[in-house]
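As stored in start-v5.cif (mmCIF, C-alpha atoms and all ligand atoms):
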```
data_final
loop_
_atom_site.label_atom_id
_atom_site.label_comp_id
_atom_site.auth_asym_id
_atom_site.auth_seq_id
_atom_site.Cartn_x
_atom_site.Cartn_y
_atom_site.Cartn_z
CA MET A 1 -17.06 -17.41 -6.08
CA PHE A 2 -14.22 -15.70 -4.18
CA LYS A 3 -16.60 -13.43 -2.30
CA GLN A 4 -18.15 -16.29 -0.37
CA SER A 5 -14.85 -17.68 0.85
CA VAL A 6 -13.83 -14.22 2.01
CA LEU A 7 -17.04 -13.83 4.00
CA THR A 8 -16.70 -17.20 5.67
CA LEU A 9 -13.08 -16.51 6.66
CA GLN A 10 -13.85 -13.18 8.33
CA PRO A 11 -15.27 -14.53 11.64
CA GLU A 12 -12.03 -16.49 12.21
CA HIS A 13 -10.09 -13.31 11.52
CA LEU A 14 -12.14 -11.49 14.16
CA SER A 15 -11.61 -14.25 16.74
CA GLU A 16 -7.88 -14.04 16.12
CA LEU A 17 -7.96 -10.25 16.53
CA GLN A 18 -9.85 -10.66 19.80
CA VAL A 19 -7.06 -12.92 21.09
CA ARG A 20 -4.31 -10.56 19.91
CA TYR A 21 -6.05 -7.48 21.34
CA GLU A 22 -6.77 -9.11 24.70
CA GLN A 23 -3.07 -9.91 24.98
CA ALA A 24 -2.04 -6.37 24.00
CA LEU A 25 -4.48 -4.87 26.53
CA ALA A 26 -3.33 -7.17 29.34
CA ASP A 27 0.34 -6.50 28.58
CA ASN A 28 -0.28 -2.77 28.80
CA GLY A 29 -2.53 -2.79 31.85
CA TYR A 30 -5.87 -1.91 30.21
CA ASP A 31 -9.31 -3.48 30.60
CA SER A 32 -10.87 -2.10 27.45
CA LEU A 33 -10.14 -0.14 24.32
CA LEU A 34 -12.22 2.29 22.31
CA ILE A 35 -11.17 2.90 18.69
CA ALA A 36 -12.35 5.96 16.74
CA SER A 37 -12.78 5.51 12.99
CA GLY A 38 -12.04 9.23 12.59
CA ALA A 39 -13.55 11.99 10.47
CA ALA A 40 -12.33 13.99 7.50
CA PRO A 41 -11.03 17.43 8.46
CA TYR A 42 -12.21 20.53 6.66
CA ARG A 43 -9.81 22.31 4.35
CA TYR A 44 -8.37 25.40 5.94
CA GLY A 45 -10.60 28.45 5.42
CA ASP A 46 -13.12 26.37 3.46
CA ASP A 47 -16.41 24.55 4.05
CA GLN A 48 -15.23 21.50 2.07
CA ALA A 49 -13.76 18.44 3.79
CA TRP A 50 -10.91 16.20 2.61
CA HIS A 51 -11.96 12.78 1.36
CA PHE A 52 -12.21 10.36 4.27
CA GLN A 53 -10.45 7.02 4.70
CA GLY A 54 -10.73 5.40 8.13
CA TYR A 55 -8.09 4.77 10.79
CA GLY A 56 -6.05 1.55 10.40
CA PRO A 57 -7.06 -0.38 13.56
CA PHE A 58 -10.73 0.39 12.91
CA VAL A 59 -10.43 -0.90 9.33
CA HIS A 60 -8.48 -3.94 10.55
CA TRP A 61 -11.55 -5.00 12.55
CA THR A 62 -14.39 -3.85 10.35
CA GLY A 63 -13.08 -3.48 6.79
CA LEU A 64 -15.13 -0.26 6.67
CA THR A 65 -13.03 2.55 5.23
CA GLY A 66 -15.76 5.16 4.76
CA GLN A 67 -17.52 5.28 8.15
CA GLU A 68 -16.89 8.62 9.86
CA HIS A 69 -17.57 9.13 13.58
CA ALA A 70 -17.88 5.39 14.23
CA TRP A 71 -16.50 3.82 17.41
CA LEU A 72 -15.49 0.28 18.25
CA TRP A 73 -15.17 -0.99 21.81
CA ILE A 74 -13.06 -4.05 22.63
CA ARG A 75 -13.12 -5.83 26.01
CA ALA A 76 -11.68 -9.11 27.23
CA GLY A 77 -14.20 -11.92 27.01
CA GLU A 78 -16.98 -9.78 25.47
CA LYS A 79 -18.30 -9.26 21.97
CA PRO A 80 -16.94 -6.02 20.49
CA VAL A 81 -19.49 -3.22 20.12
CA LEU A 82 -19.55 -1.08 16.97
CA TRP A 83 -21.41 2.24 16.99
CA LEU A 84 -22.14 3.52 13.50
CA TYR A 85 -22.93 7.18 12.99
CA GLN A 86 -26.39 7.26 11.44
CA PRO A 87 -27.70 10.82 11.64
CA ILE A 88 -31.06 11.87 10.26
CA ASP A 89 -29.58 14.04 7.54
CA PHE A 90 -31.19 15.15 4.31
CA TRP A 91 -27.84 16.39 2.94
CA HIS A 92 -25.92 13.11 3.05
CA ALA A 93 -26.63 9.43 2.52
CA SER A 94 -26.33 6.97 5.41
CA PRO A 95 -25.58 3.75 3.56
CA THR A 96 -26.83 0.56 5.19
CA LEU A 97 -24.41 -2.34 5.50
CA PRO A 98 -25.19 -5.51 3.58
CA GLU A 99 -25.91 -8.43 5.94
CA GLU A 100 -22.74 -10.48 6.33
CA PRO A 101 -21.50 -13.18 8.73
CA TRP A 102 -19.10 -10.86 10.61
CA GLN A 103 -22.09 -9.02 12.07
CA GLN A 104 -22.68 -12.12 14.24
CA CYS A 105 -19.29 -11.45 15.89
CA ILE A 106 -19.72 -7.72 16.59
CA GLU A 107 -22.70 -6.01 18.20
CA LEU A 108 -23.91 -3.19 15.99
CA ARG A 109 -25.55 -0.04 17.34
CA GLY A 110 -26.61 3.10 15.48
CA ARG A 111 -26.40 6.61 16.95
CA GLN A 112 -26.72 10.23 15.93
CA GLU A 113 -23.92 11.75 17.97
CA THR A 114 -20.35 12.12 16.77
CA GLY A 115 -18.35 12.05 20.02
CA ALA A 116 -17.26 9.03 22.05
CA PRO A 117 -20.20 6.87 23.21
CA GLU A 118 -20.92 6.33 26.87
CA LEU A 119 -19.48 3.02 28.06
CA GLU A 120 -20.86 0.77 30.79
CA SER A 121 -18.03 -0.27 33.14
CA PRO A 122 -15.05 0.31 30.84
CA GLY A 123 -12.51 -0.35 33.61
CA ARG A 124 -9.08 1.07 32.79
CA LEU A 125 -9.76 2.46 29.33
CA ALA A 126 -7.51 3.37 26.41
CA VAL A 127 -8.75 5.26 23.35
CA LEU A 128 -7.02 5.09 19.98
CA GLY A 129 -7.62 7.36 17.02
CA ASP A 130 -7.01 10.73 15.42
CA PRO A 131 -6.52 13.12 18.38
CA ALA A 132 -8.71 15.67 16.56
CA CYS A 133 -11.68 13.31 17.17
CA LEU A 134 -10.93 12.42 20.80
CA ASP A 135 -11.90 15.66 22.58
CA GLY A 136 -14.03 14.80 25.60
CA ALA A 137 -13.38 11.05 25.34
CA PRO A 138 -12.53 9.44 28.70
CA GLY A 139 -9.49 7.22 29.29
CA ASP A 140 -5.87 7.40 28.12
CA HIS A 141 -5.52 8.67 24.57
CA ASN A 142 -3.11 6.88 22.24
CA PRO A 143 -0.74 5.50 24.92
CA MET A 144 2.44 4.73 23.02
CA GLY A 145 3.07 1.22 24.41
CA LEU A 146 -0.42 0.08 23.47
CA VAL A 147 -0.29 1.78 20.06
CA ARG A 148 2.89 -0.19 19.26
CA ALA A 149 1.36 -3.44 20.50
CA ILE A 150 -1.76 -2.89 18.40
CA GLU A 151 0.36 -2.11 15.34
CA GLU A 152 2.12 -5.42 15.88
CA THR A 153 -1.24 -7.23 15.60
CA ARG A 154 -1.28 -6.19 11.92
CA VAL A 155 2.07 -7.69 10.97
CA ARG A 156 1.12 -11.35 10.48
CA LYS A 157 -1.94 -11.55 8.29
CA THR A 158 -4.76 -14.00 8.91
CA ASP A 159 -6.06 -16.21 6.08
CA TYR A 160 -8.93 -13.74 5.66
CA GLU A 161 -6.53 -10.86 5.16
CA ILE A 162 -4.43 -12.72 2.61
CA GLU A 163 -7.58 -13.59 0.71
CA CYS A 164 -8.67 -9.93 0.73
CA LEU A 165 -5.23 -8.87 -0.51
CA SER A 166 -5.46 -11.47 -3.23
CA VAL A 167 -8.83 -10.14 -4.37
CA ALA A 168 -7.46 -6.57 -4.26
CA ASN A 169 -4.73 -7.79 -6.63
CA ARG A 170 -7.20 -9.35 -9.04
CA LEU A 171 -9.29 -6.19 -9.13
CA ALA A 172 -6.28 -3.94 -9.68
CA LEU A 173 -4.98 -6.11 -12.51
CA GLN A 174 -8.21 -5.54 -14.44
CA GLY A 175 -7.35 -1.84 -14.20
CA HIS A 176 -3.73 -2.42 -15.21
CA ARG A 177 -4.86 -4.32 -18.28
CA ALA A 178 -7.23 -1.49 -19.27
CA ALA A 179 -4.48 1.07 -18.64
CA ARG A 180 -2.07 -0.79 -20.88
CA GLU A 181 -4.65 -0.92 -23.67
CA ALA A 182 -5.39 2.77 -23.25
CA PHE A 183 -1.67 3.60 -23.46
CA LEU A 184 -1.19 1.52 -26.61
CA ALA A 185 -4.28 3.21 -28.09
CA GLY A 186 -2.59 6.60 -27.61
CA GLU A 187 -4.42 7.90 -24.53
CA SER A 188 -3.00 10.63 -22.30
CA GLU A 189 -2.16 10.11 -18.62
CA PHE A 190 -5.59 11.46 -17.80
CA GLY A 191 -7.27 9.08 -20.28
CA ILE A 192 -5.30 6.17 -18.84
CA SER A 193 -6.39 7.10 -15.32
CA LEU A 194 -10.03 7.10 -16.45
CA ALA A 195 -9.59 3.68 -18.07
CA TYR A 196 -8.10 2.40 -14.79
CA GLN A 197 -10.96 3.77 -12.70
CA GLN A 198 -13.57 2.42 -15.10
CA ALA A 199 -12.07 -1.07 -15.11
CA THR A 200 -11.64 -1.19 -11.32
CA GLN A 201 -14.97 0.53 -10.58
CA GLN A 202 -13.12 2.53 -7.97
CA ARG A 203 -13.20 6.25 -7.40
CA GLU A 204 -9.65 7.56 -7.32
CA ALA A 205 -10.27 9.07 -3.86
CA ASP A 206 -11.13 5.61 -2.50
CA ALA A 207 -7.93 4.02 -3.84
CA PRO A 208 -5.20 3.07 -1.36
CA TYR A 209 -3.04 5.88 -2.77
CA HIS A 210 -3.13 8.33 -5.63
CA SER A 211 -2.36 6.35 -8.80
CA ILE A 212 1.01 7.15 -10.35
CA ILE A 213 0.58 7.26 -14.12
CA GLY A 214 3.58 8.68 -15.96
CA LEU A 215 4.32 8.78 -19.67
CA ASN A 216 7.86 9.27 -20.97
CA GLU A 217 10.02 11.46 -18.66
CA HIS A 218 7.21 11.50 -16.08
CA ALA A 219 7.90 7.81 -15.43
CA GLY A 220 11.14 8.95 -13.79
CA THR A 221 9.40 10.89 -11.00
CA LEU A 222 8.93 8.30 -8.27
CA HIS A 223 5.60 9.57 -6.96
CA TYR A 224 4.53 11.59 -10.03
CA GLN A 225 1.27 13.23 -8.98
CA TYR A 226 -0.31 14.85 -12.05
CA TYR A 227 -2.32 13.66 -15.04
CA ASP A 228 -1.35 15.36 -18.26
CA THR A 229 -4.39 15.66 -20.52
CA ARG A 230 -2.19 15.77 -23.65
CA THR A 231 -0.68 12.69 -25.26
CA PRO A 232 3.01 13.22 -26.06
CA ALA A 233 3.86 13.31 -29.79
CA ARG A 234 5.90 10.12 -29.28
CA PRO A 235 4.61 7.97 -26.41
CA ARG A 236 7.75 6.05 -25.40
CA SER A 237 6.81 4.48 -22.08
CA LEU A 238 4.12 4.14 -19.44
CA LEU A 239 4.78 3.58 -15.75
CA ILE A 240 1.60 2.86 -13.82
CA ASP A 241 1.66 2.27 -10.07
CA ALA A 242 -1.94 1.78 -8.95
CA GLY A 243 -3.94 -0.33 -6.52
CA VAL A 244 -7.42 -1.11 -5.32
CA ARG A 245 -8.92 -1.45 -1.87
CA PHE A 246 -11.05 -4.51 -1.19
CA ARG A 247 -12.76 -4.59 2.22
CA GLY A 248 -10.09 -2.11 3.31
CA TYR A 249 -7.14 -4.18 2.03
CA CYS A 250 -4.80 -2.56 -0.47
CA SER A 251 -3.02 -3.77 -3.55
CA ASP A 252 0.02 -1.84 -4.74
CA ILE A 253 1.13 -2.89 -8.21
CA THR A 254 3.47 -1.29 -10.72
CA ARG A 255 3.97 -2.15 -14.35
CA THR A 256 6.12 -0.45 -16.96
CA ILE A 257 5.18 -0.73 -20.62
CA PRO A 258 7.55 0.27 -23.43
CA GLY A 259 6.06 2.13 -26.38
CA PRO A 260 6.25 0.75 -29.93
CA GLY A 261 9.76 0.67 -31.37
CA GLU A 262 11.50 1.15 -28.00
CA GLY A 263 13.71 -1.92 -28.33
CA ARG A 264 16.50 -0.79 -26.03
CA PHE A 265 14.14 0.35 -23.30
CA SER A 266 12.10 -2.81 -23.73
CA ALA A 267 15.24 -4.93 -23.15
CA LEU A 268 15.87 -3.00 -19.93
CA VAL A 269 12.28 -3.61 -18.80
CA HIS A 270 12.67 -7.34 -19.45
CA GLY A 271 16.01 -7.34 -17.63
CA LEU A 272 14.51 -5.67 -14.57
CA GLU A 273 11.53 -7.98 -14.67
CA SER A 274 13.72 -11.09 -14.42
CA ILE A 275 15.57 -9.54 -11.49
CA GLN A 276 12.23 -8.70 -9.87
CA ARG A 277 10.94 -12.26 -10.25
CA ARG A 278 14.10 -13.65 -8.66
CA LEU A 279 13.72 -11.22 -5.76
CA CYS A 280 10.11 -12.31 -5.28
CA ASP A 281 11.29 -15.91 -5.14
CA MET A 282 13.62 -15.00 -2.27
CA VAL A 283 10.63 -14.22 -0.04
CA GLY A 284 10.16 -16.80 2.70
CA PRO A 285 10.24 -17.25 6.47
CA GLY A 286 13.55 -16.32 8.10
CA VAL A 287 14.76 -14.19 5.18
CA ASP A 288 16.09 -10.77 6.13
CA TYR A 289 14.20 -8.21 4.01
CA ILE A 290 17.31 -6.00 3.96
CA ASP A 291 19.10 -8.83 2.12
CA ILE A 292 16.45 -8.68 -0.60
CA HIS A 293 17.09 -4.95 -0.90
CA ARG A 294 20.83 -5.59 -1.19
CA LYS A 295 20.33 -8.31 -3.78
CA ALA A 296 18.23 -5.87 -5.79
CA HIS A 297 21.19 -3.48 -5.95
CA LEU A 298 23.47 -6.25 -7.22
CA GLY A 299 20.83 -7.13 -9.82
CA VAL A 300 20.56 -3.50 -10.95
CA ALA A 301 24.37 -3.34 -11.17
CA ALA A 302 24.43 -6.41 -13.42
CA LEU A 303 21.73 -4.88 -15.61
CA LEU A 304 23.61 -1.57 -15.86
CA SER A 305 26.64 -3.52 -17.08
CA ALA A 306 24.74 -5.75 -19.47
CA SER A 307 22.96 -2.78 -21.06
CA GLY A 308 26.17 -0.77 -21.43
CA LEU A 309 24.94 2.04 -19.17
CA VAL A 310 27.94 1.48 -16.90
CA SER A 311 31.16 -0.27 -17.86
CA GLY A 312 34.52 -1.27 -16.40
CA MET A 313 33.31 -1.88 -12.84
CA SER A 314 32.29 -5.00 -10.95
CA ASP A 315 28.72 -5.25 -9.66
CA GLU A 316 29.95 -4.97 -6.07
CA SER A 317 32.04 -1.87 -6.74
CA MET A 318 29.10 -0.21 -8.51
CA VAL A 319 26.95 -0.74 -5.43
CA GLU A 320 29.79 0.33 -3.13
CA ALA A 321 30.36 3.55 -5.08
CA GLY A 322 26.65 4.49 -4.92
CA ILE A 323 26.13 4.15 -8.68
CA THR A 324 23.20 1.78 -8.32
CA ARG A 325 21.56 4.17 -5.85
CA ALA A 326 21.60 6.93 -8.46
CA PHE A 327 19.51 4.66 -10.72
CA PHE A 328 17.48 2.94 -7.96
CA PRO A 329 17.08 5.43 -5.11
CA HIS A 330 14.13 3.97 -3.16
CA GLY A 331 13.71 0.89 -0.99
CA ILE A 332 12.79 -2.55 -2.29
CA GLY A 333 9.35 -2.34 -0.68
CA HIS A 334 7.25 -2.39 2.46
CA TYR A 335 4.49 -4.17 4.35
CA LEU A 336 1.05 -4.14 2.80
CA GLY A 337 -2.32 -4.38 4.54
CA VAL A 338 -5.12 -1.96 5.39
CA GLN A 339 -2.61 0.78 4.63
CA VAL A 340 -0.45 0.71 1.56
CA HIS A 341 2.67 1.28 3.63
CA ASP A 342 1.52 -0.89 6.48
CA VAL A 343 2.72 -0.23 10.02
CA ALA A 344 5.41 -1.73 12.25
CA GLY A 345 7.97 -2.35 9.51
CA LYS A 346 10.85 -0.47 11.05
CA PRO A 347 11.55 -1.34 14.68
CA THR A 348 15.21 -0.77 13.78
CA PRO A 349 16.40 2.02 11.50
CA ALA A 350 17.25 1.34 7.87
CA PRO A 351 20.93 0.84 7.03
CA VAL A 352 22.75 4.04 6.03
CA GLU A 353 22.98 2.96 2.41
CA ALA A 354 19.19 2.38 2.26
CA PRO A 355 17.66 5.43 3.98
CA PHE A 356 14.26 5.04 2.30
CA LEU A 357 13.77 1.38 3.10
CA ARG A 358 10.43 1.02 4.92
CA LEU A 359 10.90 -2.50 6.24
CA THR A 360 13.93 -3.75 8.17
CA ARG A 361 12.63 -6.99 9.68
CA LYS A 362 13.14 -10.67 9.07
CA LEU A 363 10.21 -12.15 7.19
CA GLU A 364 7.75 -14.44 8.96
CA LYS A 365 4.81 -16.51 7.83
CA GLY A 366 1.76 -14.30 7.30
CA MET A 367 3.63 -11.11 6.43
CA VAL A 368 2.73 -9.53 3.10
CA VAL A 369 5.29 -7.33 1.39
CA THR A 370 5.86 -5.57 -1.89
CA ILE A 371 8.88 -6.28 -4.06
CA GLU A 372 9.45 -3.27 -6.28
CA PRO A 373 12.88 -2.73 -7.80
CA GLY A 374 13.31 0.23 -10.12
CA LEU A 375 15.74 1.71 -12.60
CA TYR A 376 15.21 5.38 -13.43
CA PHE A 377 16.81 8.18 -15.36
CA ILE A 378 16.50 11.01 -12.84
CA PRO A 379 18.57 14.01 -13.97
CA SER A 380 19.24 15.37 -10.46
CA LEU A 381 20.71 12.01 -9.37
CA LEU A 382 22.59 11.18 -12.58
CA GLN A 383 24.14 14.56 -13.25
CA PRO A 384 26.58 14.30 -10.32
CA LEU A 385 27.62 10.87 -11.62
CA LEU A 386 28.18 12.20 -15.12
CA GLU A 387 30.31 15.01 -13.73
CA GLY A 388 32.08 13.08 -10.97
CA ARG A 389 35.19 10.92 -10.69
CA LEU A 390 33.42 7.86 -12.10
CA ALA A 391 32.17 9.67 -15.19
CA THR A 392 34.32 7.59 -17.55
CA HIS A 393 32.39 4.47 -16.47
CA VAL A 394 28.99 5.95 -17.24
CA ASN A 395 27.53 6.08 -20.74
CA GLY A 396 26.13 9.61 -20.95
CA ARG A 397 24.90 9.19 -24.53
CA LEU A 398 22.81 6.16 -23.62
CA ILE A 399 21.43 7.88 -20.52
CA GLU A 400 20.45 10.81 -22.72
CA GLU A 401 18.69 8.49 -25.16
CA LEU A 402 16.84 6.43 -22.56
CA GLY A 403 16.11 9.41 -20.34
CA GLY A 404 13.10 10.15 -22.52
CA CYS A 405 11.53 6.91 -21.26
CA GLY A 406 11.78 8.12 -17.65
CA GLY A 407 12.23 4.89 -15.77
CA ILE A 408 11.06 1.45 -14.84
CA ARG A 409 9.44 0.01 -11.73
CA ILE A 410 7.95 -3.45 -11.42
CA GLU A 411 6.04 -4.18 -8.24
CA ASP A 412 4.28 -7.29 -6.97
CA ASN A 413 2.58 -8.11 -3.68
CA VAL A 414 3.98 -11.23 -2.05
CA ALA A 415 2.75 -13.20 0.97
CA VAL A 416 5.17 -15.13 3.16
CA MET A 417 3.90 -18.70 3.46
CA ALA A 418 5.36 -21.55 5.56
CA GLY A 419 7.03 -22.99 2.46
CA GLY A 420 8.12 -19.78 0.72
CA ALA A 421 6.58 -17.05 -1.38
CA ARG A 422 3.02 -16.72 -2.63
CA ASN A 423 3.06 -14.03 -5.28
CA LEU A 424 -0.47 -12.63 -5.13
CA THR A 425 0.09 -10.43 -8.17
CA ARG A 426 1.49 -12.99 -10.61
CA GLU A 427 -1.10 -15.51 -9.42
CA ALA A 428 -3.86 -12.99 -10.14
CA GLU A 429 -2.29 -12.11 -13.50
CA ARG A 430 -2.78 -15.71 -14.59
CA GLN A 431 -6.46 -15.55 -13.58
CA VAL A 432 -7.56 -12.12 -14.83
N1 LIG B 501 2.67 3.14 -4.55
C1 LIG B 501 3.60 3.54 -3.59
C2 LIG B 501 4.61 2.51 -3.36
O1 LIG B 501 4.84 1.69 -4.22
O2 LIG B 501 5.17 2.40 -2.32
MN MN B 502 4.86 -0.08 -2.95
MN MN B 503 3.47 1.16 -5.71
#
```

Here is a file; write its structure as structure tokens.
Ligand code: GLY
Ligand code: MN
Ligand code: MN
Amino acid sequence: MFKQSVLTLQPEHLSELQVRYEQALADNGYDSLLIASGAAPYRYGDDQAWHFQGYGPFVHWTGLTGQEHAWLWIRAGEKPVLWLYQPIDFWHASPTLPEEPWQQCIELRGRQETGAPELESPGRLAVLGDPACLDGAPGDHNPMGLVRAIEETRVRKTDYEIECLSVANRLALQGHRAAREAFLAGESEFGISLAYQQATQQREADAPYHSIIGLNEHAGTLHYQYYDTRTPARPRSLLIDAGVRFRGYCSDITRTIPGPGEGRFSALVHGLESIQRRLCDMVGPGVDYIDIHRKAHLGVAALLSASGLVSGMSDESMVEAGITRAFFPHGIGHYLGVQVHDVAGKPTPAPVEAPFLRLTRKLEKGMVVTIEPGLYFIPSLLQPLLEGRLATHVNGRLIEELGGCGGIRIEDNVAVMAGGARNLTREAERQV
């Protein structure tokens, strides 16, 4: 069973983190590091708190996303110490952790206080975490050099992390399958979201991000954030962008499903899917991620030509003139890990023509990225095209017709292996 292999890989992951952290601490002149898991803030003027999801470095070590007021102490040459907040509280549950091999690698202590624990001989101490939780904690809080170095420890995933991401893909695909069936059975966005949650056995608040579930025109809003409870009279398309967390690790998968009788839109979806698969195949060590983004624009240009949406221009001139950006305004993807948009992707700014690109680095073994080209009918971006100097090249009638389908995004999660790409999503699709 997959679970067992994950559990046996975790101690190696922790040993590797110990090595990476010791190096980061030494490079930045610290002897030890205390990491706060964090705590959910209360809503302004209210006695209700936001739903909690833990701080990245804490989750990177422990995989525990729901532990508030926990603290982890890392020192060179010593076992890390993890303090879990276990108050005697008749209002809330204090779940006990199942016994697992990683607990041999970290010393566990329970406590009833929320603030930083007292440390024996911390030496020069740094503390990382949400500043709102660090009042009264000793040491240097969130020193920038160390924060950057610790973020860098998340860039190249260990075997354990890749396995967790793979499981997160398998779990999410069960939800995607249920969502597709719910759409074809005539469910509303709300009904589809319930089908997704049921199939993934995941509360929406625990997901890596709010699921994006858009029918028809709603599919054209990149981060559409509502669930309509009514089914449209003519369901023409579903765009679902939804993931699952497994031991803290996130999947981030998008599928677009044409409604019955939507032949033209369906052809566009297939066209974008073949582009997307080719882009996924580009992933490998030494490849510049910005080149994948640029290739995506050329692919979208070719598809705009082939579908008759744009005519009389070469692919290159369409990209040059910004036409492809009006149809595909976001970046090709990002790092993925214990956060859906994982850290350290942009040590250099994105090129001017790709302002929303979240990852500007060359790919290396162990990185995990998303590949998510899109093609949307977004009125505020297309109207200037239809009224501008290139209007004669753009097929307004076809845009009008397809606009009711909103848009397309296809997104997979891909690991960079020594020999090329490992597409965690397609691999899981064959298994689920
Ligand atoms: N689900 C957000 C994204 O694809 O980046
Ligand atoms: Mn994504
Ligand atoms: Mn996504």

Once you count only C-alpha atoms and all ligand atoms, which residues end up within 10 Å of ligand MN 503 (chain B), and could you hand them over as an NGL selection string?
-> :A and (208-212 or 222-223 or 240-243 or 251-255 or 333-334 or 340-341 or 370-372 or 409-413)

For the atom pair CA of Phe356 in chain A and CA of Val368 in chain A, what is the interatomic distance in Å to one decimal place?
-> 18.6 Å

At what distance in Å, to one decimal, does CA of Pro347 in chain A lie from atom C1 of ligand LIG 501 (chain B)?
-> 20.5 Å

What lies within 8 Å of Leu82 in chain A using all atoms listed in the file, ignoring chain neighbours under 4 positions off, as a PyMOL selection string?
-> chain A and resi 70-73+106-109

Leaving out Leu173 in chain A and any residue of its chain fewer than 3 positions from it, which residues lie within 7 Å of it when counting all atoms listed in the file, given as a PyMOL selection string?
-> chain A and resi 169-170+176-177+429+432

Counting only C-alpha atoms and all ligand atoms, the residue of A:Leu375, A:Asn142, A:Met367, A:Asp342 that sits nearest ligand MN 502 (chain B) |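 Counting only C-alpha atoms and all ligand atoms, the residue closest to ligand MN 502 (chain B) is A:Asp342.
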
Proximity to ligand LIG 501 (chain B) - best of A:Val269, A:Leu303, A:Ala233, A:Ile213, all atoms listed in the file |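 Of A:Val269, A:Leu303, A:Ala233, A:Ile213, the one nearest ligand LIG 501 (chain B), counting all atoms listed in the file, is A:Ile213.
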
Name the residues in contact with range 197-205 of chain A at a cut-off of 6 Å, using all atoms listed in the file, excluding same-chain residues fewer than 2 positions from it; report them as JSON, numbers by chain.
-> {"A": [171, 174, 175, 194, 195, 207]}

Considering all atoms listed in the file, state which residue in the set A:Leu17, A:Lys365, A:Arg426, A:Gly63 is at the smallest distance from Pro285 in chain A.
->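 Among the listed residues, A:Lys365 lies closest to Pro285 in chain A.
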
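When only C-alpha atoms are used to compute distances to Glu217 in chain A, the closest of the residues A:Ala172, A:Ala185, A:Val287, A:Ile378 turns out to be A:Ile378.
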
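Checking A:Ile332, A:Leu33, A:Leu381, A:Leu390 one by one against ligand MN 502 (chain B), counting all atoms listed in the file, you find the shortest gap at A:Ile332.
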
Taking only C-alpha atoms into account, which of A:Val416, A:Leu382, A:Ala344, A:Ala302 comes nearest Phe327 in chain A?
->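 Once distances to Phe327 in chain A are computed over only C-alpha atoms, the minimum belongs to A:Leu382.
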
Correct to one decimal, the distance CA of Tyr227 in chain A-CA of Ser193 in chain A is 7.7 Å

Within 12 Å of Pro117 in chain A, counting all atoms listed in the file, which residues show up once you throw out same-chain ones fewer than 3 positions away? Write them as number ranges by chain, please.
-> A: 34-36, 69-73, 81-85, 109-114, 120, 122, 127, 134, 136-138

Write out as a PyMOL selection string which residues come within 10 Å of Gly54 in chain A when counting only C-alpha atoms, dropping same-chain ones fewer than 3 positions away.
-> chain A and resi 36-40+57-60+63-70+129-130+248+338-339

Write out the residues from the selection above, keeping C-alpha atoms, as a compact mmCIF listing (two decimals), keeping the file's coordinate frame.
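Output file selection.txt is given in full below:
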```txt
# COMPACT_ATOMS: atom_id res chain seq x y z
CA ALA A 36 -12.35 5.96 16.74
CA SER A 37 -12.78 5.51 12.99
CA GLY A 38 -12.04 9.23 12.59
CA ALA A 39 -13.55 11.99 10.47
CA ALA A 40 -12.33 13.99 7.50
CA PRO A 57 -7.06 -0.38 13.56
CA PHE A 58 -10.73 0.39 12.91
CA VAL A 59 -10.43 -0.90 9.33
CA HIS A 60 -8.48 -3.94 10.55
CA GLY A 63 -13.08 -3.48 6.79
CA LEU A 64 -15.13 -0.26 6.67
CA THR A 65 -13.03 2.55 5.23
CA GLY A 66 -15.76 5.16 4.76
CA GLN A 67 -17.52 5.28 8.15
CA GLU A 68 -16.89 8.62 9.86
CA HIS A 69 -17.57 9.13 13.58
CA ALA A 70 -17.88 5.39 14.23
CA GLY A 129 -7.62 7.36 17.02
CA ASP A 130 -7.01 10.73 15.42
CA GLY A 248 -10.09 -2.11 3.31
CA VAL A 338 -5.12 -1.96 5.39
CA GLN A 339 -2.61 0.78 4.63
```

Just give me the residues with any atom within 6 Å of (2.2, 2.1, -30.0), file coordinates, counting only C-alpha atoms, written as an NGL selection string.
-> :A and (184 or 259-260)

So that I have them on file, write out the residues from the current selection with C-alpha atoms, as an mmCIF file, in the frame of the given file.
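What ended up in part_38.cif:
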```cif
data_model
loop_
_atom_site.group_PDB
_atom_site.id
_atom_site.type_symbol
_atom_site.label_atom_id
_atom_site.label_comp_id
_atom_site.auth_asym_id
_atom_site.auth_seq_id
_atom_site.Cartn_x
_atom_site.Cartn_y
_atom_site.Cartn_z
ATOM 1 C CA LEU A 184 -1.190 1.520 -26.610
ATOM 2 C CA GLY A 259 6.060 2.130 -26.380
ATOM 3 C CA PRO A 260 6.250 0.750 -29.930
#
```
